[in-house]
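Since the structure comes first, as structure tokens, the remarks are kept for the end.
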Amino acid sequence: MPKPPSRIDEEKRHPGAVRTLRCRTVAEDRFQQRNHIRDLPDGSPDGGGGTPTPSEVLLAALGSCLSAGIHADAVARHIPVHRLELVVEAEIDSTAGWTLGNAEPGPIGFEAIRVTVHLDADAPRDVLAALVRHATLWSPVANTLHNPVHLDVALADSAPDTLPA
């Protein structure tokens, strides 16, 4: 039985194809977040559906950080939260990364990220909007994405003695 084409194979065959990546982050007890990406099985990093792409992991990190901030601020203000879900999505043309040999790649990555917050809590809408604004302002992940950050990537002189677990 032939193996189905991988996502990479599909992207290489359809250059210039823009797709929407989406992650749904659901707040759970004790400030835990569950991230739902595509149809990947929960809790299985390499389950039958594959693994999240690095770009999907970035969306999940943003959703988790914002969700934790909103939830923590609500708890600090004694606002009971009944449901908190965030939908984080962005368009990406990942085929630009597969054009090897180009000295100057075209635009790579997200140009914009959208976050929709579904918040059911015992407070007026303006108070809930303030929770979302506060979490966005104080989110380390949101600030890393929003503000320029210095990035230093270098090749190590030798292989590490042990790899982190």
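By order in the structure tokens, chains are A, B, ...; within a chain, residues start at 1; ligands start at 1, following the order shown.
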**Residue neighbourhood Asp93 (chain A), 8 Å, only C-alpha atoms, exclusion window fewer than 6 positions, as a count of residues only** = 6
**Prompt:** Do you know which residues are at most 9 Å from region 59-75 of chain A counting only C-alpha atoms, after dropping those on the same chain fewer than 2 positions away, and could you put them as number ranges by chain?
**Reply:** A: 21-27, 31-37, 54-57, 77-81, 84-90, 113, 115, 117, 121, 128, 131-136, 138-142, 145
Those residues you just picked out, can you put them in a file as a compact mmCIF listing (two decimals), in the first residue's frame with C-alpha atoms?
# COMPACT_ATOMS: atom_id res chain seq x y z
CA LEU A 21 -3.05 27.36 10.69
CA ARG A 22 -5.31 27.17 13.70
CA CYS A 23 -5.01 26.17 17.34
CA ARG A 24 -7.85 26.01 19.86
CA THR A 25 -6.63 26.46 23.44
CA VAL A 26 -8.95 25.32 26.23
CA ALA A 27 -8.32 26.36 29.82
CA PHE A 31 -4.06 26.93 34.97
CA GLN A 32 -3.45 24.01 32.62
CA GLN A 33 -4.14 24.49 28.92
CA ARG A 34 -5.07 21.87 26.33
CA ASN A 35 -4.17 22.79 22.76
CA HIS A 36 -6.07 21.26 19.85
CA ILE A 37 -4.20 21.38 16.55
CA PRO A 54 6.80 24.55 14.59
CA SER A 55 4.43 27.31 13.41
CA GLU A 56 1.45 25.52 15.00
CA VAL A 57 3.45 25.15 18.22
CA ARG A 77 -10.15 39.55 40.90
CA HIS A 78 -12.41 36.79 42.31
CA ILE A 79 -14.22 36.37 38.99
CA PRO A 80 -15.49 32.80 38.51
CA VAL A 81 -14.62 31.50 35.03
CA LEU A 84 -12.29 29.94 28.54
CA GLU A 85 -11.26 29.01 25.01
CA LEU A 86 -9.07 30.85 22.56
CA VAL A 87 -8.91 30.31 18.83
CA VAL A 88 -5.53 31.40 17.47
CA GLU A 89 -5.09 31.44 13.71
CA ALA A 90 -2.86 32.85 11.01
CA ILE A 113 -2.10 36.46 14.00
CA VAL A 115 -6.91 35.53 18.55
CA VAL A 117 -11.29 34.75 23.11
CA ALA A 121 -17.40 34.36 33.45
CA LEU A 128 -13.92 40.66 30.68
CA LEU A 131 -8.98 40.89 31.51
CA VAL A 132 -8.12 40.14 27.87
CA ARG A 133 -6.30 43.48 27.40
CA HIS A 134 -4.31 42.99 30.63
CA ALA A 135 -3.28 39.43 29.70
CA THR A 136 -2.19 40.58 26.24
CA TRP A 138 1.64 41.20 30.19
CA SER A 139 2.01 38.04 28.08
CA PRO A 140 5.69 37.18 27.50
CA VAL A 141 4.80 35.27 24.32
CA ALA A 142 2.61 38.06 22.92
CA LEU A 145 5.87 38.29 18.89
**Asked** as an NGL selection string, which residues of region 68-98 of chain A does DSSP assign to helix (DSSP H, G or I)?
**Response** :A and (68-76 or 94-98)
**Request:** Provide the CA of Ser158 (chain A) to CA of Thr53 (chain A) distance in Å, to one decimal place.
**Result:**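 Straight-line distance from CA of Ser158 (chain A) to CA of Thr53 (chain A) works out to 27.3 Å.
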**Message:** Excluding His82 (chain A) and its own-chain neighbours fewer than 5 positions away, which residues fall within 9 Å of it when counting only C-alpha atoms? Please give them as a PyMOL selection string.
**Reply:** chain A and resi 119-122
**Item:** Computed interatomic separation between CA of Leu58 (chain A) and CA of His118 (chain A) (Å)
**Value:**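 Between CA of Leu58 (chain A) and CA of His118 (chain A) the gap works out to 19.8 Å.
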